[in-house]
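**Student:** Sharing entry.pdb (PDB, C-alpha atoms, pLDDT in the B column) below.
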```
ATOM      1  CA  MET A   1      18.596  12.934 -18.684  1.00 68.00           C
ATOM      2  CA  PRO A   2      14.910  12.513 -19.612  1.00 74.00           C
ATOM      3  CA  ALA A   3      13.104   9.199 -19.252  1.00 76.00           C
ATOM      4  CA  ASN A   4      12.812   6.881 -22.218  1.00 79.00           C
ATOM      5  CA  LYS A   5       9.304   7.258 -23.697  1.00 77.00           C
ATOM      6  CA  LYS A   6       8.795   3.523 -24.217  1.00 75.00           C
ATOM      7  CA  TYR A   7       8.883   2.913 -20.440  1.00 69.00           C
ATOM      8  CA  LEU A   8       6.323   5.573 -19.556  1.00 71.00           C
ATOM      9  CA  THR A   9       2.627   4.827 -19.069  1.00 67.00           C
ATOM     10  CA  LYS A  10       0.601   5.833 -22.118  1.00 75.00           C
ATOM     11  CA  SER A  11      -2.874   6.190 -20.628  1.00 83.00           C
ATOM     12  CA  PRO A  12      -3.564   9.005 -18.139  1.00 86.00           C
ATOM     13  CA  TRP A  13      -6.209   6.807 -16.452  1.00 91.00           C
ATOM     14  CA  LEU A  14      -3.677   4.031 -15.941  1.00 89.00           C
ATOM     15  CA  ARG A  15      -1.211   6.524 -14.490  1.00 88.00           C
ATOM     16  CA  PHE A  16      -3.923   7.902 -12.187  1.00 93.00           C
ATOM     17  CA  SER A  17      -4.821   4.360 -11.098  1.00 93.00           C
ATOM     18  CA  LYS A  18      -1.179   3.644 -10.219  1.00 92.00           C
ATOM     19  CA  ILE A  19      -0.967   6.837  -8.176  1.00 93.00           C
ATOM     20  CA  LEU A  20      -4.231   6.036  -6.415  1.00 95.00           C
ATOM     21  CA  ALA A  21      -3.261   2.411  -5.796  1.00 95.00           C
ATOM     22  CA  GLY A  22       0.093   3.434  -4.381  1.00 94.00           C
ATOM     23  CA  ALA A  23      -1.222   6.218  -2.173  1.00 96.00           C
ATOM     24  CA  ALA A  24      -4.640   5.034  -1.003  1.00 96.00           C
ATOM     25  CA  GLY A  25      -4.142   1.286  -1.386  1.00 96.00           C
ATOM     26  CA  GLY A  26      -0.744   1.395   0.274  1.00 96.00           C
ATOM     27  CA  TYR A  27      -2.187   3.415   3.134  1.00 96.00           C
ATOM     28  CA  THR A  28      -5.042   0.962   3.746  1.00 97.00           C
ATOM     29  CA  VAL A  29      -2.646  -1.999   3.747  1.00 97.00           C
ATOM     30  CA  MET A  30      -0.306  -0.190   6.127  1.00 96.00           C
ATOM     31  CA  PHE A  31      -3.137   0.842   8.439  1.00 95.00           C
ATOM     32  CA  SER A  32      -4.750  -2.604   8.541  1.00 96.00           C
ATOM     33  CA  PHE A  33      -1.341  -4.208   9.173  1.00 96.00           C
ATOM     34  CA  HIS A  34      -0.771  -1.989  12.189  1.00 95.00           C
ATOM     35  CA  MET A  35      -4.299  -2.703  13.429  1.00 94.00           C
ATOM     36  CA  LEU A  36      -3.404  -6.397  13.277  1.00 94.00           C
ATOM     37  CA  LEU A  37      -0.232  -5.737  15.245  1.00 94.00           C
ATOM     38  CA  THR A  38      -2.284  -4.153  18.045  1.00 92.00           C
ATOM     39  CA  LYS A  39      -3.930  -7.556  18.531  1.00 91.00           C
ATOM     40  CA  VAL A  40      -0.556  -9.285  18.908  1.00 90.00           C
ATOM     41  CA  PHE A  41       1.516  -6.702  20.797  1.00 93.00           C
ATOM     42  CA  PRO A  42       0.632  -4.060  23.408  1.00 94.00           C
ATOM     43  CA  GLN A  43      -1.237  -1.206  21.776  1.00 92.00           C
ATOM     44  CA  GLU A  44       1.016   1.489  23.243  1.00 92.00           C
ATOM     45  CA  ASN A  45       4.120  -0.084  21.699  1.00 92.00           C
ATOM     46  CA  VAL A  46       2.528  -0.471  18.287  1.00 93.00           C
ATOM     47  CA  ILE A  47       1.322   3.122  18.251  1.00 91.00           C
ATOM     48  CA  ALA A  48       4.768   4.381  19.234  1.00 91.00           C
ATOM     49  CA  THR A  49       6.586   2.431  16.514  1.00 92.00           C
ATOM     50  CA  SER A  50       3.932   2.848  13.827  1.00 92.00           C
ATOM     51  CA  PHE A  51       5.064   6.421  13.183  1.00 90.00           C
ATOM     52  CA  PHE A  52       8.306   5.034  11.752  1.00 93.00           C
ATOM     53  CA  THR A  53       7.308   1.636  10.415  1.00 94.00           C
ATOM     54  CA  GLY A  54       4.084   2.960   8.933  1.00 95.00           C
ATOM     55  CA  TYR A  55       5.839   5.519   6.795  1.00 95.00           C
ATOM     56  CA  LEU A  56       8.449   3.014   5.634  1.00 96.00           C
ATOM     57  CA  LEU A  57       5.847   0.374   4.784  1.00 96.00           C
ATOM     58  CA  TRP A  58       3.687   2.911   2.964  1.00 96.00           C
ATOM     59  CA  ALA A  59       6.674   4.132   0.932  1.00 96.00           C
ATOM     60  CA  VAL A  60       7.554   0.569  -0.106  1.00 96.00           C
ATOM     61  CA  LEU A  61       3.944  -0.139  -1.094  1.00 95.00           C
ATOM     62  CA  LEU A  62       3.821   3.115  -3.049  1.00 95.00           C
ATOM     63  CA  LEU A  63       6.975   2.153  -4.914  1.00 94.00           C
ATOM     64  CA  PHE A  64       5.623  -1.341  -5.598  1.00 94.00           C
ATOM     65  CA  ALA A  65       2.566   0.124  -7.324  1.00 93.00           C
ATOM     66  CA  PHE A  66       4.777   1.971  -9.798  1.00 89.00           C
ATOM     67  CA  LEU A  67       7.144  -0.935 -10.431  1.00 90.00           C
ATOM     68  CA  ALA A  68       4.399  -3.436 -11.240  1.00 90.00           C
ATOM     69  CA  LYS A  69       3.429  -3.949 -14.869  1.00 87.00           C
ATOM     70  CA  ASN A  70      -0.271  -4.550 -14.218  1.00 91.00           C
ATOM     71  CA  VAL A  71      -2.036  -2.086 -11.927  1.00 92.00           C
ATOM     72  CA  TRP A  72      -5.050  -4.392 -11.545  1.00 94.00           C
ATOM     73  CA  LYS A  73      -2.859  -7.013  -9.876  1.00 96.00           C
ATOM     74  CA  VAL A  74      -1.610  -4.337  -7.492  1.00 96.00           C
ATOM     75  CA  TRP A  75      -5.201  -3.399  -6.619  1.00 96.00           C
ATOM     76  CA  ALA A  76      -6.047  -7.089  -6.085  1.00 97.00           C
ATOM     77  CA  VAL A  77      -3.025  -7.700  -3.847  1.00 97.00           C
ATOM     78  CA  TYR A  78      -3.679  -4.561  -1.798  1.00 97.00           C
ATOM     79  CA  LEU A  79      -7.347  -5.435  -1.385  1.00 97.00           C
ATOM     80  CA  LEU A  80      -6.531  -9.017  -0.398  1.00 98.00           C
ATOM     81  CA  LEU A  81      -3.895  -7.927   2.128  1.00 97.00           C
ATOM     82  CA  THR A  82      -6.237  -5.333   3.622  1.00 97.00           C
ATOM     83  CA  VAL A  83      -8.978  -7.928   4.088  1.00 97.00           C
ATOM     84  CA  ILE A  84      -6.589 -10.515   5.551  1.00 97.00           C
ATOM     85  CA  PHE A  85      -5.085  -8.035   7.994  1.00 96.00           C
ATOM     86  CA  SER A  86      -8.512  -6.658   8.998  1.00 95.00           C
ATOM     87  CA  ILE A  87     -10.302  -9.958   9.659  1.00 95.00           C
ATOM     88  CA  PRO A  88      -8.671 -10.754  13.028  1.00 91.00           C
ATOM     89  CA  PHE A  89      -9.212  -7.195  14.202  1.00 83.00           C
ATOM     90  CA  LEU A  90     -12.877  -7.148  13.217  1.00 87.00           C
ATOM     91  CA  LEU A  91     -13.684 -10.626  14.593  1.00 89.00           C
ATOM     92  CA  GLY A  92     -11.952 -10.265  17.935  1.00 75.00           C
TER      93      GLY A  92
END
```
Take the structure I supplied and represent it as structure tokens, if you would.
**Tutor:**
Amino acid sequence: MPANKKYLTKSPWLRFSKILAGAAGGYTVMFSFHMLLTKVFPQENVIATSFFTGYLLWAVLLLFAFLAKNVWKVWAVYLLLTVIFSIPFLLG
């Protein structure tokens, strides 16, 4: 059954931005989150579990980018989360 046309994104640039936000933005949030975890927990344990949790977190963030109505809010949230997760790692 094909998708209903009224729910599809009209602009190809908006569609590209959602794909980029989900893939690249989700990856940066996931990576910075795991960098933060290395400050809290032993690095060896975080690296071992990040293979599983990283993929799951990235997949959820990718899905969130496509479910959101406004892609600019997704970019803002991903940028804010990346900065928040990176600050403790960069300062310490």
**Student:** The PyMOL selection byres ((chain A and resi 36) around 12) on the file shown: which residues, as a PyMOL selection string?
**Tutor:** chain A and resi 29-35+37-43+46-47+50+81-92
**Student:** Find the spatial neighbours of region 59-69 of chain A, counting only C-alpha atoms, within a cut-off of 10 Å - ignore same-chain residues fewer than 6 positions away - and output them as a list of chain:residue names.
**Tutor:**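 Residues near the query, excluding close chain neighbours: A:Thr9, A:Arg15, A:Ser17, A:Lys18, A:Ile19, A:Leu20, A:Ala21, A:Gly22, A:Ala23, A:Ala24, A:Gly25, A:Gly26, A:Tyr27, A:Val29, A:Met30, A:Thr53, A:Trp75, A:Tyr78.
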**Student:** So how far away is CA of Ala76 (chain A) from CA of Lys10 (chain A), in Å?
**Tutor:**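 Spanning CA of Lys10 (chain A) to CA of Ala76 (chain A) is a straight-line distance of 21.6 Å.
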**Student:** So the first atom is CA of Leu56 (chain A) and the second is CA of Val71 (chain A); what is the distance between them in Å, to one decimal place?
**Tutor:**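 Taking CA of Leu56 (chain A) and CA of Val71 (chain A), their separation equals 21.1 Å.
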**Student:** Give me, please, the distance in Å between CA of Trp72 (chain A) and CA of Phe52 (chain A), quoted to one decimal.
**Tutor:**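 Taking CA of Trp72 (chain A) and CA of Phe52 (chain A), their separation equals 28.5 Å.
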**Student:** Given 3 Å on each side, where is the centre and what are the edge lengths in Å to one decimal of the axis-aligned box enclosing the listed atoms of region 67-86 of chain A, as JSON?
**Tutor:**
```
{"center_x": -0.9, "center_y": -5.7, "center_z": -2.9, "size_x": 22.1, "size_y": 15.6, "size_z": 29.9}
```
